[in-house]
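S.K.: My structure file start.txt, compact mmCIF, C-alpha atoms and all ligand atoms, is below:
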# COMPACT_ATOMS: atom_id res chain seq x y z
CA MET G 1 43.50 11.86 -11.24
CA ASN G 2 45.42 15.15 -11.15
CA THR G 3 45.89 17.32 -8.05
CA LYS G 4 43.18 19.75 -9.09
CA SER G 5 40.48 17.11 -9.50
CA ILE G 6 41.51 15.41 -6.24
CA LEU G 7 41.17 18.77 -4.55
CA THR G 8 37.76 19.35 -6.15
CA LEU G 9 36.61 15.90 -5.08
CA PHE G 10 37.91 16.49 -1.57
CA THR G 11 36.08 19.84 -1.37
CA PHE G 12 32.90 18.20 -2.64
CA ILE G 13 33.09 15.39 -0.07
CA THR G 14 33.74 17.87 2.74
CA MET G 15 30.85 20.07 1.67
CA PHE G 16 28.55 17.09 1.32
CA GLY G 17 29.50 16.01 4.84
CA ILE G 18 28.65 19.45 6.22
CA VAL G 19 25.34 19.59 4.35
CA SER G 20 24.14 16.15 5.50
CA LYS G 21 25.15 16.93 9.09
CA ALA G 22 23.32 20.27 8.95
CA GLN G 23 20.19 18.56 7.64
CA SER G 24 20.21 16.04 10.49
CA LYS G 25 20.78 18.83 12.93
CA LYS G 26 17.57 20.65 12.07
CA PHE G 27 15.44 17.65 13.05
CA ASN G 28 16.13 18.64 16.65
CA ASN G 29 14.93 22.22 16.09
CA PRO G 30 11.38 23.02 17.22
CA ILE G 31 8.72 23.19 14.51
CA VAL G 32 6.24 25.01 16.73
CA ASP G 33 6.60 28.57 17.88
CA SER G 34 7.01 29.47 21.56
CA ILE G 35 3.64 31.26 21.44
CA VAL G 36 1.89 27.89 20.93
CA ILE G 37 0.02 26.89 24.08
CA PHE G 38 -1.91 23.66 24.48
CA GLU G 39 -5.07 23.70 26.58
CA GLU G 40 -6.43 21.43 29.26
CA LYS G 41 -10.21 20.93 29.14
CA ASN G 42 -12.28 18.84 31.54
CA GLY G 43 -9.17 17.57 33.24
CA LEU G 44 -7.47 16.30 30.07
CA VAL G 45 -4.77 17.59 27.72
CA ALA G 46 -2.99 15.79 24.88
CA VAL G 47 0.18 16.92 23.07
CA GLU G 48 2.19 15.46 20.17
CA ALA G 49 5.76 14.90 21.36
CA GLU G 50 7.11 16.38 18.11
CA HIS G 51 5.42 19.70 18.96
CA PHE G 52 7.95 20.86 21.58
CA TYR G 53 8.81 24.57 21.41
CA LYS G 54 12.26 24.27 22.94
CA GLN G 55 15.05 21.86 23.85
CA SER G 56 17.63 22.42 26.56
CA ASN G 57 20.63 20.52 27.97
CA ALA G 58 20.89 19.03 24.50
CA GLU G 59 24.67 18.99 24.05
CA VAL G 60 25.39 15.30 24.68
CA ARG G 61 22.02 13.87 23.68
CA ALA G 62 19.08 15.51 21.93
CA TRP G 63 15.60 14.63 20.71
CA TYR G 64 15.27 14.22 16.92
CA ARG G 65 12.06 14.09 14.92
CA THR G 66 11.37 11.10 12.71
CA SER G 67 8.71 11.18 10.00
CA LYS G 68 8.45 10.12 6.36
CA THR G 69 10.69 13.01 5.34
CA GLU G 70 12.87 13.30 8.44
CA THR G 71 15.51 10.80 9.56
CA ALA G 72 18.39 12.04 11.65
CA ASN G 73 21.87 10.69 11.02
CA VAL G 74 23.76 11.65 14.17
CA GLY G 75 25.40 8.43 15.29
CA ARG G 76 24.38 4.99 16.47
CA ASP G 77 20.66 4.28 16.00
CA GLU G 78 19.99 0.64 15.22
CA ASP G 79 16.22 0.35 15.34
CA ALA G 80 13.97 0.92 12.34
CA PRO G 81 11.90 4.11 11.93
CA HIS G 82 8.49 3.79 13.61
CA PHE G 83 6.45 6.68 12.17
CA LEU G 84 3.95 4.39 10.40
CA ASP G 85 1.88 3.77 13.53
CA ALA G 86 2.72 7.04 15.29
CA SER G 87 0.11 9.67 16.08
CA ASN G 88 0.47 12.48 13.50
CA ASN G 89 2.88 10.11 11.68
CA ALA G 90 5.84 11.57 13.57
CA TYR G 91 7.70 11.14 16.85
CA ILE G 92 10.95 12.14 18.58
CA GLU G 93 13.87 9.97 19.70
CA ILE G 94 16.88 10.64 21.92
CA LEU G 95 20.03 10.13 19.83
CA PRO G 96 22.59 8.81 19.44
CA ASP G 97 21.66 5.56 21.16
CA THR G 98 24.96 4.05 22.30
CA ARG G 99 23.48 1.68 24.88
CA VAL G 100 21.28 -0.72 22.96
CA THR G 101 21.70 -3.94 24.91
CA HIS G 102 22.70 -4.69 28.48
CA SER G 103 26.18 -5.61 27.27
CA ASP G 104 26.86 -2.06 25.97
CA GLN G 105 28.72 -0.01 28.56
CA LEU G 106 26.55 2.19 30.76
CA ILE G 107 28.03 5.69 30.87
CA ARG G 108 26.29 8.03 33.31
CA GLY G 109 25.83 11.51 31.87
CA GLU G 110 26.13 10.11 28.36
CA ASN G 111 23.81 7.22 27.51
CA PHE G 112 21.99 7.10 30.87
CA THR G 113 21.12 9.43 33.72
CA ASP G 114 19.09 8.71 36.81
CA GLU G 115 19.01 12.46 37.54
CA ALA G 116 15.82 14.04 36.24
CA GLY G 117 16.21 17.35 34.40
CA LYS G 118 19.89 16.87 33.56
CA MET G 119 19.95 15.77 29.92
CA ALA G 120 17.93 16.21 26.70
CA ILE G 121 14.94 18.22 27.93
CA VAL G 122 11.94 18.98 25.67
CA HIS G 123 9.54 21.76 26.67
CA TYR G 124 5.79 22.27 26.08
CA LYS G 125 3.45 25.04 27.25
CA VAL G 126 0.07 24.00 28.60
CA LYS G 127 -2.72 26.23 29.85
CA PHE G 128 -4.51 24.56 32.75
CA ASN G 129 -8.05 25.62 33.57
CA THR G 130 -8.49 23.06 36.33
CA PRO G 131 -5.89 22.83 39.11
CA GLY G 132 -5.31 19.39 40.58
CA ARG G 133 -3.28 16.20 40.39
CA TYR G 134 -2.54 15.16 36.79
CA PHE G 135 -1.47 11.63 35.91
CA VAL G 136 1.05 11.61 33.05
CA TRP G 137 0.83 9.01 30.28
CA VAL G 138 3.33 8.77 27.44
CA ARG G 139 3.02 6.79 24.20
CA ALA G 140 6.46 5.29 23.66
CA MET G 141 8.19 2.72 21.47
CA SER G 142 10.82 0.52 23.08
CA THR G 143 12.77 -2.03 21.07
CA GLY G 144 15.09 -3.24 23.83
CA SER G 145 15.85 -3.09 27.54
CA GLU G 146 17.92 0.12 27.50
CA ASP G 147 15.53 2.57 25.82
CA ASN G 148 12.50 2.48 28.10
CA GLY G 149 13.02 5.07 30.84
CA LEU G 150 12.13 8.78 31.01
CA HIS G 151 11.58 11.63 33.53
CA VAL G 152 8.80 14.24 33.53
CA GLY G 153 8.98 17.69 35.14
CA LEU G 154 7.03 20.88 35.69
CA ASN G 155 8.25 24.50 35.45
CA ASN G 156 11.93 23.47 35.71
CA GLN G 157 11.20 21.41 38.82
CA TRP G 158 11.63 17.65 38.78
CA PRO G 159 9.34 16.32 41.51
CA ALA G 160 9.76 12.84 42.99
CA HIS G 161 6.64 11.55 41.22
CA GLY G 162 7.94 12.54 37.78
CA LYS G 163 11.09 10.47 38.05
CA ARG G 164 11.80 7.15 36.36
CA MET G 165 8.82 6.56 34.08
CA GLN G 166 9.18 2.95 33.00
CA TRP G 167 7.97 0.71 30.15
CA CYS G 168 8.21 -3.07 30.24
CA ASP G 169 5.16 -4.30 28.31
CA GLY G 170 4.53 -3.67 24.64
CA LYS G 171 7.93 -4.09 23.02
CA ASN G 172 8.18 -3.03 19.36
CA LYS G 173 4.84 -1.29 19.32
CA TRP G 174 3.63 2.12 20.41
CA THR G 175 2.53 1.69 24.01
CA TRP G 176 0.79 4.04 26.44
CA GLU G 177 2.18 3.69 29.95
CA SER G 178 2.22 5.56 33.25
CA LYS G 179 4.36 3.70 35.76
CA GLN G 180 7.15 4.61 38.13
CA ARG G 181 10.17 2.37 38.43
CA THR G 182 11.09 1.67 42.07
CA LYS G 183 13.86 -0.29 43.74
CA GLU G 184 11.43 -3.12 44.40
CA VAL G 185 9.44 -3.02 41.17
CA HIS G 186 11.68 -2.46 38.15
CA CYS G 187 8.77 -2.61 35.73
CA GLY G 188 7.09 0.26 37.56
CA VAL G 189 4.13 0.98 39.80
CA ALA G 190 0.87 2.37 38.36
CA HIS G 191 -0.65 5.70 39.52
CA GLU G 192 2.70 6.95 40.84
CA ILE G 193 3.57 9.25 37.92
CA TYR G 194 1.82 12.60 38.35
CA LEU G 195 2.28 16.36 38.49
CA ASP G 196 0.41 18.62 40.90
CA ILE G 197 -0.90 21.78 39.22
CA GLU G 198 -1.60 24.19 42.04
CA LYS G 199 -2.80 27.23 40.09
CA PRO G 200 -4.63 27.63 36.80
CA GLY G 201 -2.66 29.29 34.00
CA VAL G 202 0.21 28.46 31.65
CA HIS G 203 2.70 25.89 32.90
CA ASN G 204 5.76 24.32 31.33
CA ILE G 205 5.67 20.53 30.94
CA GLN G 206 9.07 18.96 30.39
CA PHE G 207 10.53 15.56 29.70
CA SER G 208 14.17 14.63 30.20
CA MET G 209 16.27 11.65 29.27
CA ARG G 210 16.82 8.63 31.44
CA GLU G 211 17.93 6.25 28.68
CA ASP G 212 19.10 7.13 25.17
CA GLY G 213 17.22 5.67 22.22
CA PHE G 214 13.91 6.49 23.95
CA GLU G 215 11.09 7.25 21.48
CA MET G 216 8.12 9.47 22.38
CA ASP G 217 5.06 9.89 20.16
CA LYS G 218 2.53 11.73 22.31
CA PHE G 219 1.69 12.46 25.93
CA ILE G 220 -1.42 13.25 27.94
CA LEU G 221 -2.15 14.60 31.40
CA THR G 222 -5.38 13.59 33.08
CA THR G 223 -7.02 14.21 36.46
CA ASP G 224 -8.86 10.88 36.09
CA LYS G 225 -6.81 8.25 37.90
CA ASN G 226 -8.60 5.46 36.05
CA TYR G 227 -8.30 6.89 32.54
CA VAL G 228 -6.26 4.71 30.19
CA PRO G 229 -5.52 6.16 26.74
CA SER G 230 -5.76 3.80 23.75
CA GLU G 231 -4.65 3.78 20.12
CA LYS G 232 -3.36 7.21 19.12
CA GLY G 233 -4.96 8.91 22.11
CA PRO G 234 -7.30 11.89 22.47
CA ALA G 235 -7.45 14.99 20.25
CA ILE G 236 -5.25 18.06 20.70
CA ASN G 237 -6.66 21.38 22.00
CA LEU G 238 -4.88 24.68 21.57
CA ALA G 239 -5.29 27.76 23.78
CA GLN G 240 -3.11 29.91 21.55
CA GLY G 241 -1.05 29.78 18.33
CA LYS G 242 -1.11 27.43 15.38
CA LEU G 243 0.32 23.99 14.76
CA PRO G 244 2.25 23.06 11.63
CA VAL G 245 0.39 21.19 8.90
CA ALA G 246 -0.20 17.57 9.94
CA GLU G 247 2.37 15.08 8.74
CA ALA G 248 1.18 13.21 5.68
CA LYS G 249 -0.38 9.81 6.29
CA VAL G 250 2.17 7.33 5.14
CA VAL G 251 1.44 4.24 3.13
CA GLN G 252 3.50 1.36 4.38
CA GLU G 253 6.24 0.73 1.91
CA GLN G 254 8.43 -1.52 3.96
CA SER G 255 7.62 -5.17 4.00
CA TYR G 256 6.67 -6.97 7.19
CA PHE G 257 9.70 -9.19 6.74
CA ASN G 258 11.99 -6.14 6.71
CA ASN G 259 10.21 -4.74 9.75
CA ILE G 260 10.62 -7.87 11.85
CA SER G 261 14.17 -8.41 10.58
CA LYS G 262 15.11 -5.09 12.14
CA ALA G 263 12.94 -5.49 15.23
CA LEU G 264 15.91 -6.66 17.32
CA PRO G 265 19.60 -5.94 16.70
CA GLU G 266 20.42 -9.59 17.58
CA ASN G 267 18.27 -11.00 14.78
CA LYS G 268 19.93 -13.18 12.14
CA VAL G 269 18.15 -13.09 8.82
CA ILE G 270 18.09 -15.07 5.58
CA ALA G 271 15.77 -13.49 3.03
CA SER G 272 14.14 -15.91 0.59
CA GLN G 273 15.98 -14.27 -2.30
CA GLU G 274 19.31 -15.09 -0.63
CA PHE G 275 18.50 -18.76 -1.24
CA PRO G 276 19.60 -20.16 -4.62
CA VAL G 277 16.93 -20.09 -7.35
CA GLU G 278 18.50 -22.01 -10.23
CA GLU G 279 16.99 -25.47 -10.78
CA THR G 280 14.80 -25.13 -7.69
CA ASN G 281 11.47 -24.43 -9.50
CA PHE G 282 11.34 -21.08 -7.67
CA TYR G 283 11.59 -17.67 -9.31
CA LYS G 284 12.22 -14.25 -7.81
CA ASN G 285 8.89 -12.48 -7.40
CA GLY G 286 9.44 -8.70 -7.06
CA LYS G 287 12.08 -7.60 -4.59
CA ASN G 288 10.98 -9.62 -1.60
CA TRP G 289 9.74 -13.07 -2.40
CA LEU G 290 10.48 -16.43 -3.94
CA ALA G 291 7.47 -17.96 -5.68
CA ILE G 292 6.40 -20.84 -7.92
CA ASN G 293 4.77 -20.37 -11.32
CA PRO G 294 1.88 -22.88 -10.99
CA LYS G 295 1.63 -23.30 -14.77
CA GLU G 296 5.10 -24.82 -14.75
CA HIS G 297 5.53 -26.37 -11.30
CA LYS G 298 3.50 -27.23 -8.23
CA GLU G 299 6.41 -27.72 -5.87
CA ALA G 300 9.85 -26.16 -5.35
CA GLN G 301 12.78 -26.67 -3.03
CA THR G 302 15.87 -24.65 -2.16
CA SER G 303 18.67 -24.95 0.41
CA THR G 304 21.29 -22.69 1.90
CA THR G 305 23.81 -22.77 4.73
CA PHE G 306 23.22 -21.41 8.21
CA ASN G 307 26.30 -19.21 8.59
CA PHE G 308 25.58 -17.63 11.95
CA GLU G 309 26.82 -18.41 15.45
CA SER G 310 25.88 -21.88 16.74
CA GLY G 311 23.29 -21.84 19.49
CA LYS G 312 19.59 -21.97 20.24
CA TYR G 313 17.17 -19.70 18.41
CA ASP G 314 13.50 -19.01 17.95
CA VAL G 315 12.90 -19.51 14.21
CA VAL G 316 10.30 -17.38 12.44
CA PHE G 317 9.35 -18.39 8.91
CA VAL G 318 7.67 -15.50 7.08
CA GLY G 319 5.23 -16.83 4.50
CA VAL G 320 2.83 -14.85 2.35
CA GLY G 321 -0.93 -15.27 2.62
CA GLU G 322 -2.70 -15.48 -0.74
CA ASN G 323 -6.40 -15.46 -1.66
CA ASP G 324 -6.44 -18.44 -4.03
CA GLY G 325 -5.76 -20.99 -1.30
CA SER G 326 -3.09 -21.95 1.21
CA SER G 327 0.44 -22.74 0.12
CA THR G 328 2.33 -25.27 2.23
CA PHE G 329 5.87 -24.77 3.44
CA SER G 330 8.24 -27.25 5.07
CA VAL G 331 11.48 -26.20 6.70
CA SER G 332 14.23 -28.76 7.34
CA ILE G 333 17.59 -28.61 9.08
CA ASN G 334 20.12 -31.07 7.66
CA ASN G 335 17.23 -32.89 5.96
CA LYS G 336 15.42 -33.35 9.27
CA LEU G 337 11.97 -31.77 9.22
CA LEU G 338 11.63 -28.81 11.57
CA GLY G 339 7.99 -28.21 10.76
CA THR G 340 5.33 -27.61 8.15
CA TYR G 341 3.26 -24.47 7.84
CA ALA G 342 0.28 -23.40 5.73
CA PRO G 343 -0.65 -19.70 6.01
CA PRO G 344 -4.40 -18.99 6.24
CA LEU G 345 -6.32 -17.44 3.34
CA ALA G 346 -5.61 -13.74 2.84
CA LYS G 347 -8.32 -11.19 2.07
CA THR G 348 -6.14 -9.49 -0.52
CA MET G 349 -4.19 -11.10 -3.37
CA TRP G 350 -1.18 -11.38 -1.10
CA GLU G 351 -0.29 -10.33 2.40
CA GLU G 352 2.71 -10.54 4.68
CA GLY G 353 2.08 -10.06 8.36
CA ARG G 354 1.38 -11.30 11.85
CA GLU G 355 -1.17 -13.80 10.56
CA PHE G 356 1.07 -15.42 8.00
CA ASN G 357 4.18 -16.73 9.66
CA ALA G 358 5.29 -19.78 11.61
CA LEU G 359 7.27 -19.85 14.84
CA TRP G 360 9.41 -22.72 16.06
CA ARG G 361 10.89 -22.10 19.48
CA ASN G 362 14.20 -23.02 21.07
CA ILE G 363 15.77 -24.63 18.02
CA LYS G 364 19.38 -25.79 18.16
CA LEU G 365 21.42 -24.72 15.15
CA LYS G 366 25.06 -25.17 14.24
CA LYS G 367 27.09 -23.00 11.94
CA GLY G 368 27.19 -24.87 8.65
CA ASP G 369 23.78 -26.53 9.03
CA LYS G 370 21.81 -26.94 5.80
CA ILE G 371 18.47 -25.10 5.81
CA THR G 372 15.95 -26.34 3.26
CA VAL G 373 12.62 -24.78 2.35
CA THR G 374 10.09 -26.78 0.34
CA ALA G 375 6.98 -24.99 -0.95
CA LYS G 376 3.84 -26.42 -2.52
CA VAL G 377 1.21 -24.33 -4.27
CA GLY G 378 -2.33 -24.36 -2.87
CA THR G 379 -5.62 -24.05 -4.69
CA ASP G 380 -9.25 -23.04 -4.21
CA GLY G 381 -10.27 -25.49 -6.96
CA LYS G 382 -9.96 -22.84 -9.69
CA GLU G 383 -6.80 -20.83 -9.17
CA PHE G 384 -3.46 -21.74 -7.67
CA THR G 385 -1.35 -19.91 -5.13
CA ARG G 386 2.29 -19.25 -5.91
CA GLY G 387 3.94 -20.55 -2.74
CA ARG G 388 5.28 -17.08 -2.00
CA TRP G 389 7.54 -16.60 1.02
CA ALA G 390 9.77 -13.81 2.33
CA GLY G 391 12.43 -15.48 4.44
CA ILE G 392 13.53 -16.82 7.82
CA ILE G 393 14.52 -14.95 10.98
CA PHE G 394 16.60 -16.48 13.75
CA THR G 395 15.96 -14.51 16.92
CA PRO G 396 17.11 -15.10 20.52
CA VAL G 397 15.14 -17.76 22.42
CA GLY G 398 12.00 -16.23 23.91
CA LYS G 399 11.89 -13.33 21.43
CA GLY G 400 10.06 -15.03 18.55
CA LYS G 401 6.59 -14.05 19.69
CA GLN G 402 7.73 -10.49 20.35
CA ILE G 403 9.23 -9.84 16.91
CA GLN G 404 6.12 -11.22 15.22
CA GLU G 405 4.28 -8.15 16.58
CA SER G 406 5.86 -5.84 13.99
CA PRO G 407 3.71 -3.64 11.72
CA THR G 408 1.91 -5.67 9.06
CA THR G 409 1.92 -4.83 5.39
CA TYR G 410 0.72 -6.39 2.21
CA LEU G 411 2.40 -4.17 -0.32
CA PHE G 412 4.18 -5.79 -3.19
CA ILE G 413 7.48 -4.04 -3.78
CA LYS G 414 8.48 -4.10 -7.42
CA CA R 501 15.71 4.86 15.99
CA CA R 502 19.78 3.27 24.97
CA CA R 503 14.97 3.73 19.75
CA CA R 504 3.41 12.04 17.32
With the file now loaded, output its structure as structure tokens.
Ligand SMILES: [Ca+2]
Ligand SMILES: [Ca+2]
Ligand SMILES: [Ca+2]
Ligand SMILES: [Ca+2]

M.R.:
Amino acid sequence: MNTKSILTLFTFITMFGIVSKAQSKKFNNPIVDSIVIFEEKNGLVAVEAEHFYKQSNAEVRAWYRTSKTETANVGRDEDAPHFLDASNNAYIEILPDTRVTHSDQLIRGENFTDEAGKMAIVHYKVKFNTPGRYFVWVRAMSTGSEDNGLHVGLNNQWPAHGKRMQWCDGKNKWTWESKQRTKEVHCGVAHEIYLDIEKPGVHNIQFSMREDGFEMDKFILTTDKNYVPSEKGPAINLAQGKLPVAEAKVVQEQSYFNNISKALPENKVIASQEFPVEETNFYKNGKNWLAINPKEHKEAQTSTTFNFESGKYDVVFVGVGENDGSSTFSVSINNKLLGTYAPPLAKTMWEEGREFNALWRNIKLKKGDKITVTAKVGTDGKEFTRGRWAGIIFTPVGKGKQIQESPTTYLFIK
């Protein structure tokens, strides 16, 4: 390559770098105008988190939108996108997320702050018709232990009862919660997160970072102490302005296996297609599965080596439900049977998901162990199943059940 083409290439790379950074950057810009005002009616108001009109104190950490068309690339962010089950198919996340597990260094003022109103503040305008005490609920997604704290404030004040919102239940799924973390109760106390609205009129509702990596989908304020929001929560009311066009409903394109593989950063994964195929009676079915052609074989077997750290794991075997019967799968370690599993009948031709996988807990594995999967086709008397399976996940002991709760899908990816 001559000097000129090296220079051209260098210029191109530099420009590309600037462009991709600029594109990420705009996902922290507001998409609603500052004239947009949400409205409380009958003691209730709901707001999509992605509809903030302003961010402040956003130098070190900021909130970034994620949707089908928006994925920020601004540093460490290890969890998978979660817009599929989000209200309005979009949410915001505080990035980068440099404290993912307890073993990552805690740096106050960078990846953590116990001071409300100091870092990464999002702002919303709400017109209140009814003064009173409003309990604050937020729909959040936590994938670990260091991304589940938040502060809420009012008109640039950060009252004691808006500090340290905490999530413990509902890992890896969108979860409504309204609890305050205290010295005594780390998982939080109910009915302690509220804002007192003294006068009717337009007020500023604000959320600020406690832990980076926090993901917020939607929030509500309610005067009803016993109200518990469910699913995607109540409808949005506007007092003034217009919201952007709703985010397109997204068809799940990622497989369940991919979703649960990424559910925890500690997961070790062997996809079925990483196992050898030759002379096993299996074939590669699409991008995700191994399968058996029942016209040629009724049984297939393949083995590979466990190349991860020795230790104890929860083992999740992700099978595929089919509607022609139940396939049977056996998993062995060094030729010793770990267990046998037959997924139930699926309603569709094939389906991966919560219903179609096996969990073996607290299994001792050594680096170099031989993992063998044997599959047998099932039948309904007329047609045969194809013994389809997606792979095996080795997750820390006690986490198996949790990672199984990932979004389900039955799409076949060609
Ligand atoms: Ca993320
Ligand atoms: Ca974090
Ligand atoms: Ca996160
Ligand atoms: Ca949302």

S.K.: CA of Thr328 (chain G) and CA of Pro276 (chain G) are how many Å apart?

M.R.: 19.3 Å

S.K.: Which polymer residues have any atom within 10 Å of an atom of Thr348 (chain G), counting only C-alpha atoms, with same-chain residues fewer than 4 positions away left out, as a PyMOL selection string?

M.R.: chain G and resi 321-324+410

S.K.: Using all atoms listed in the file, find each residue with an atom at most 10 Å away from ligand CA 503 (chain R) and format the answer as a VMD selection string.

M.R.: chain G and resid 77 to 82 92 to 97 100 140 to 144 146 to 148 172 211 to 216

S.K.: Do you know which residues are within 9 Å of ligand CA 504 (chain R) using all atoms listed in the file? Can you write them as a list in words?

M.R.: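 Counting all atoms listed in the file, the residues within 9 Å of ligand CA 504 (chain R) come out as Val47, Glu48, Ala49, Glu50, His51, Phe83, Ala86, Ser87, Asn88, Asn89, Ala90, Tyr91, Ile92, Arg139, Met216, Asp217, Lys218, Phe219 and Lys232 of chain G.
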
S.K.: Just give me the gap between CA of Gln301 (chain G) and CA of Ser255 (chain G) in Å, one decimal is fine.

M.R.: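 CA of Gln301 (chain G) sits 23.2 Å away from CA of Ser255 (chain G).
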
S.K.: Determine the nearest neighbour of ligand CA 502 (chain R) from the options G:His102, G:Lys382, G:Arg164, G:Lys370, counting only C-alpha atoms and all ligand atoms.

M.R.: G:His102

S.K.: Check the smallest atom-to-atom distance from each of G:Asn42, G:Asn57, G:Thr305, G:Asn73 to ligand CA 501 (chain R) using all atoms listed in the file, then report the winner.

M.R.: G:Asn73

S.K.: Enclose the full set of atoms of region 211-217 of chain G listed in the file within a box whose edges lie along x, y and z, apply 5 Å of padding to each of the six sides, and report centre and edge lengths in Å to one decimal as AutoDock Vina command-line options.

M.R.:
--center_x 12.1 --center_y 7.8 --center_z 24.4 --size_x 24.0 --size_y 14.2 --size_z 18.5

S.K.: For CA of Arg386 (chain G) and CA of Ile260 (chain G), quote the distance in Å rounded to one decimal.

M.R.: 22.7 Å

S.K.: Pick the closest to Gly201 (chain G) from G:Lys287, G:Lys118, G:Arg61, G:Lys125: which is it, counting only C-alpha atoms?

M.R.: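 Residue with the minimum atom-to-atom distance to Gly201 (chain G): G:Lys125.
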
S.K.: Ranking G:Pro265, G:Gly132, G:Pro30, G:Pro396 by minimum distance to ligand CA 501 (chain R) and counting only C-alpha atoms and all ligand atoms, which one comes first?

M.R.: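 Selected residue with least distance to ligand CA 501 (chain R): G:Pro265.
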
S.K.: Name the closest residue to Pro229 (chain G) among the candidates G:Leu84, G:Met349, G:Ile393, G:Val136; distances are taken between atoms, counting all atoms listed in the file.

M.R.: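 Answer, going by the shortest atom-to-atom distance: G:Val136.
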
S.K.: With all atoms listed in the file as the basis for distance, which of G:Thr98, G:Ser56, G:Asn362, G:Ser272 is at the shortest distance from ligand CA 501 (chain R)?

M.R.: G:Thr98

S.K.: Taking (14.3, -8.9, 19.2) as a centre in this file's frame and 6 Å as the limit, can you find every polymer residue with an atom that close, using all atoms listed in the file, and give them as a list in words?

M.R.: Ala263, Leu264, Lys399 and Ile403 of chain G

S.K.: Could you save the residues just selected, with C-alpha atoms, as an mmCIF file, in the frame of the given file?

M.R.:
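Everything below was put into selection30.cif:
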data_model
loop_
_atom_site.group_PDB
_atom_site.id
_atom_site.type_symbol
_atom_site.label_atom_id
_atom_site.label_comp_id
_atom_site.auth_asym_id
_atom_site.auth_seq_id
_atom_site.Cartn_x
_atom_site.Cartn_y
_atom_site.Cartn_z
ATOM 1 C CA ALA G 263 12.940 -5.490 15.230
ATOM 2 C CA LEU G 264 15.910 -6.660 17.320
ATOM 3 C CA LYS G 399 11.890 -13.330 21.430
ATOM 4 C CA ILE G 403 9.230 -9.840 16.910
#

S.K.: Considering all atoms listed in the file, return as a ChimeraX atom specification whatever protein or nucleic-acid residues lie within 8 Å of region 332-337 of chain G, sequence-local ones (same chain, fewer than 4 positions apart) excluded.

M.R.: /G:369-373

S.K.: Region 317-330 of chain G from the block above, N, CA and C atoms, as an mmCIF file, in the first residue's frame, please?

M.R.:
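result-v9.cif, written as the output of this step:
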data_model
loop_
_atom_site.group_PDB
_atom_site.id
_atom_site.type_symbol
_atom_site.label_atom_id
_atom_site.label_comp_id
_atom_site.auth_asym_id
_atom_site.auth_seq_id
_atom_site.Cartn_x
_atom_site.Cartn_y
_atom_site.Cartn_z
ATOM 1 N N PHE G 317 -30.091 -27.206 29.794
ATOM 2 C CA PHE G 317 -30.106 -27.770 28.449
ATOM 3 C C PHE G 317 -31.309 -27.189 27.703
ATOM 4 N N VAL G 318 -31.039 -26.474 26.600
ATOM 5 C CA VAL G 318 -32.127 -25.823 25.867
ATOM 6 C C VAL G 318 -32.544 -26.706 24.693
ATOM 7 N N GLY G 319 -33.684 -27.377 24.869
ATOM 8 C CA GLY G 319 -34.256 -28.195 23.812
ATOM 9 C C GLY G 319 -35.224 -27.365 22.989
ATOM 10 N N VAL G 320 -35.842 -27.992 22.025
ATOM 11 C CA VAL G 320 -36.838 -27.310 21.197
ATOM 12 C C VAL G 320 -38.118 -28.142 21.256
ATOM 13 N N GLY G 321 -39.218 -27.503 21.644
ATOM 14 C CA GLY G 321 -40.501 -28.186 21.614
ATOM 15 C C GLY G 321 -40.976 -28.303 20.172
ATOM 16 N N GLU G 322 -41.566 -29.439 19.817
ATOM 17 C CA GLU G 322 -42.109 -29.624 18.473
ATOM 18 C C GLU G 322 -43.548 -30.112 18.598
ATOM 19 N N ASN G 323 -44.317 -30.050 17.498
ATOM 20 C CA ASN G 323 -45.737 -30.421 17.627
ATOM 21 C C ASN G 323 -46.074 -31.813 17.076
ATOM 22 N N ASP G 324 -45.007 -32.575 16.703
ATOM 23 C CA ASP G 324 -45.254 -33.942 16.233
ATOM 24 C C ASP G 324 -44.975 -34.983 17.312
ATOM 25 N N GLY G 325 -44.657 -34.526 18.514
ATOM 26 C CA GLY G 325 -44.318 -35.453 19.588
ATOM 27 C C GLY G 325 -43.229 -34.867 20.447
ATOM 28 N N SER G 326 -42.701 -35.687 21.361
ATOM 29 C CA SER G 326 -41.626 -35.227 22.239
ATOM 30 C C SER G 326 -40.329 -35.942 21.898
ATOM 31 N N SER G 327 -39.313 -35.182 21.560
ATOM 32 C CA SER G 327 -37.982 -35.769 21.401
ATOM 33 C C SER G 327 -37.450 -36.095 22.786
ATOM 34 N N THR G 328 -36.446 -36.960 22.862
ATOM 35 C CA THR G 328 -35.821 -37.266 24.147
ATOM 36 C C THR G 328 -34.337 -36.942 24.068
ATOM 37 N N PHE G 329 -33.845 -36.297 25.095
ATOM 38 C CA PHE G 329 -32.433 -35.915 25.127
ATOM 39 C C PHE G 329 -31.784 -36.470 26.386
ATOM 40 N N SER G 330 -30.572 -37.020 26.226
ATOM 41 C CA SER G 330 -29.788 -37.431 27.388
ATOM 42 C C SER G 330 -28.475 -36.665 27.359
#
